[in-house]
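*Asks:* Could you have a look at this structure, given as structure tokens, before my questions?
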Amino acid sequence: MTSSFNLQTPNNEKKVLLHSCCAPCSCSILQRMIESGIEPTVYFYNPNIYPKEEYEHRKKEVVRYAQKMKIPFMDADYEIDGWLEAVQGHEEDVERGKRCTLCFEMRLGKTAAYAAENGFKVFTTSLGISRWKDLEQVNHAGRRAASLFPGLIYWDHNWRLYGGQEQMERISKEENFYRQNYCGCIYSLRESIRRSLAKRSGDQSAR
Ligand code: SF4
């Protein structure tokens with residue numbers, strides 16, 4: 001079953017640059033944009049993702065979906081050294097803390113620069129659709145990035161609304177997308193391993 005959307009972009013701009021973090025988080029956004037007559041371009045800039053194999057895997061899934069939907073895909077560089085430098089001193093921060101702010105600012109900052117250099121007046125991101133993320137933290141980084149480029153607008157649409165998360169789950173199943181079990185960086189991977197080890201030892205002591 002497909003629902004029909006009629007999204008209103010800021011200033012009714014037809015072209016929108018979508019910063020995509022992964023295929024599951026981007027699929028319902030892209031589908032809704034297409035249904036609304038918007039012309040999205042996908043921009044993949046995620047130097048936070050560790051290891052490189054994981055980065056390539058997530059990117060491949062986004063490319064696969066963009067090709068299927070006939071949506072242009074722009075690949076940015078994997079600048080993990082720059083990312084590690086940007087978050088230096090925040091290795092032990094909890095998720096949603098300062099490290100994540102710096103991470104969002106770097107990714108959306110480069111997206112905004114690409115948008116401004118390539119004639120886009122509006123950009124947005126898939127980062128906020130996940131319930132694991134602090135939406136206001138994402139939006140704050142987006143607005144900050146846009147403010148550096150005169151005339152550029154960050155579209156702070158809440159993609160979770162009107163069943164956005166359910167639609168994302170449904171499309172991800174239909175497309176058999178790879179589903180990661182950690183946010184992306186080496187520190188979130190470490191946290192995910194810690195959680196699963198704690199769960200396993202909890203399960204064993206409960207036996
Ligand atoms: S937990 Fe996610 S948002 Fe936070 S720094 Fe790591 S990759 Fe970025």
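Letters for chains follow the order of the structure tokens (A, B, ...), residue numbers begin at 1 for each chain, and ligand numbers begin at 1 in the order shown.
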All residues within 12 Å of ligand 1 are required, counting only C-alpha atoms and all ligand atoms; please report them as JSON, numbers by chain.
*Replies:* {"A": [21, 22, 45, 46, 47, 48, 49, 50, 51, 55, 80, 83, 84, 85, 86, 87, 88, 89, 90, 91, 92, 93, 94, 95, 96, 97, 98, 99, 100, 101, 102, 103, 104, 105, 106, 107, 108, 127, 128, 130, 132, 133, 134, 135, 137, 138, 141, 180, 181, 182, 183, 184, 185, 186, 187, 188, 189, 190, 191, 192]}
*Asks:* Which residues come within 10 Å of Phe73 of chain A, counting only C-alpha atoms, excluding same-chain residues fewer than 3 positions away, as a PDB file with C-alpha atoms, in the first residue's frame?
*Replies:*
ATOM      1  CA  LEU A  17      19.764  18.159  -1.786  1.00  0.00           C
ATOM      2  CA  LEU A  18      19.293  15.301   0.668  1.00  0.00           C
ATOM      3  CA  SER A  20      21.780  10.635   3.265  1.00  0.00           C
ATOM      4  CA  PRO A  40      15.925  15.234  -4.899  1.00  0.00           C
ATOM      5  CA  THR A  41      19.649  14.651  -5.296  1.00  0.00           C
ATOM      6  CA  VAL A  42      21.289  12.322  -2.799  1.00  0.00           C
ATOM      7  CA  TYR A  43      24.520  13.476  -1.193  1.00  0.00           C
ATOM      8  CA  PHE A  44      26.524  10.850   0.682  1.00  0.00           C
ATOM      9  CA  VAL A  62      22.054   3.988  -0.893  1.00  0.00           C
ATOM     10  CA  VAL A  63      23.399   3.806  -4.452  1.00  0.00           C
ATOM     11  CA  ARG A  64      21.229   0.748  -5.152  1.00  0.00           C
ATOM     12  CA  TYR A  65      18.067   2.538  -4.001  1.00  0.00           C
ATOM     13  CA  ALA A  66      18.921   5.818  -5.748  1.00  0.00           C
ATOM     14  CA  GLN A  67      19.461   3.936  -9.012  1.00  0.00           C
ATOM     15  CA  LYS A  70      16.326   7.163 -10.785  1.00  0.00           C
ATOM     16  CA  ALA A  76      31.675  12.760  -1.247  1.00  0.00           C
TER      17      ALA A  76
END
*Asks:* Between A:Val16, A:Leu7, A:Leu30, A:Ala198, which residue has the minimum interatomic distance to Thr111 of chain A, considering only C-alpha atoms?
*Replies:*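 Closest residue, counting only C-alpha atoms: A:Val16.
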*Asks:* Could you tell me how far atom CA of Ile29 of chain A sits from atom CA of His157 of chain A, in Å to one decimal place?
*Replies:*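 About the pair atom CA of His157 of chain A and atom CA of Ile29 of chain A: they are 10.1 Å apart.
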*Asks:* Here is a test: counting only C-alpha atoms, which residue of A:Ile38, A:Ile193, A:Met74, A:Leu161 is nearest to Val122 of chain A?
*Replies:*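 Looking only at the distances to Val122 of chain A, the closest residue turns out to be A:Ile38.
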*Asks:* Running DSSP on the backbone, which parts of segment 123-180 of chain A land in alpha helix (DSSP H), as a ChimeraX atom specification?
*Replies:* /A:135-147,164-175
*Asks:* With a distance cut-off of 9 Å and only C-alpha atoms, select the neighbouring residues of Gly142 of chain A, excluding the residue or stretch itself and same-chain residues fewer than 5 positions from it, and output the selection as a ChimeraX atom specification.
*Replies:* /A:104-105,108-109,112,123-125,137,147,153-156
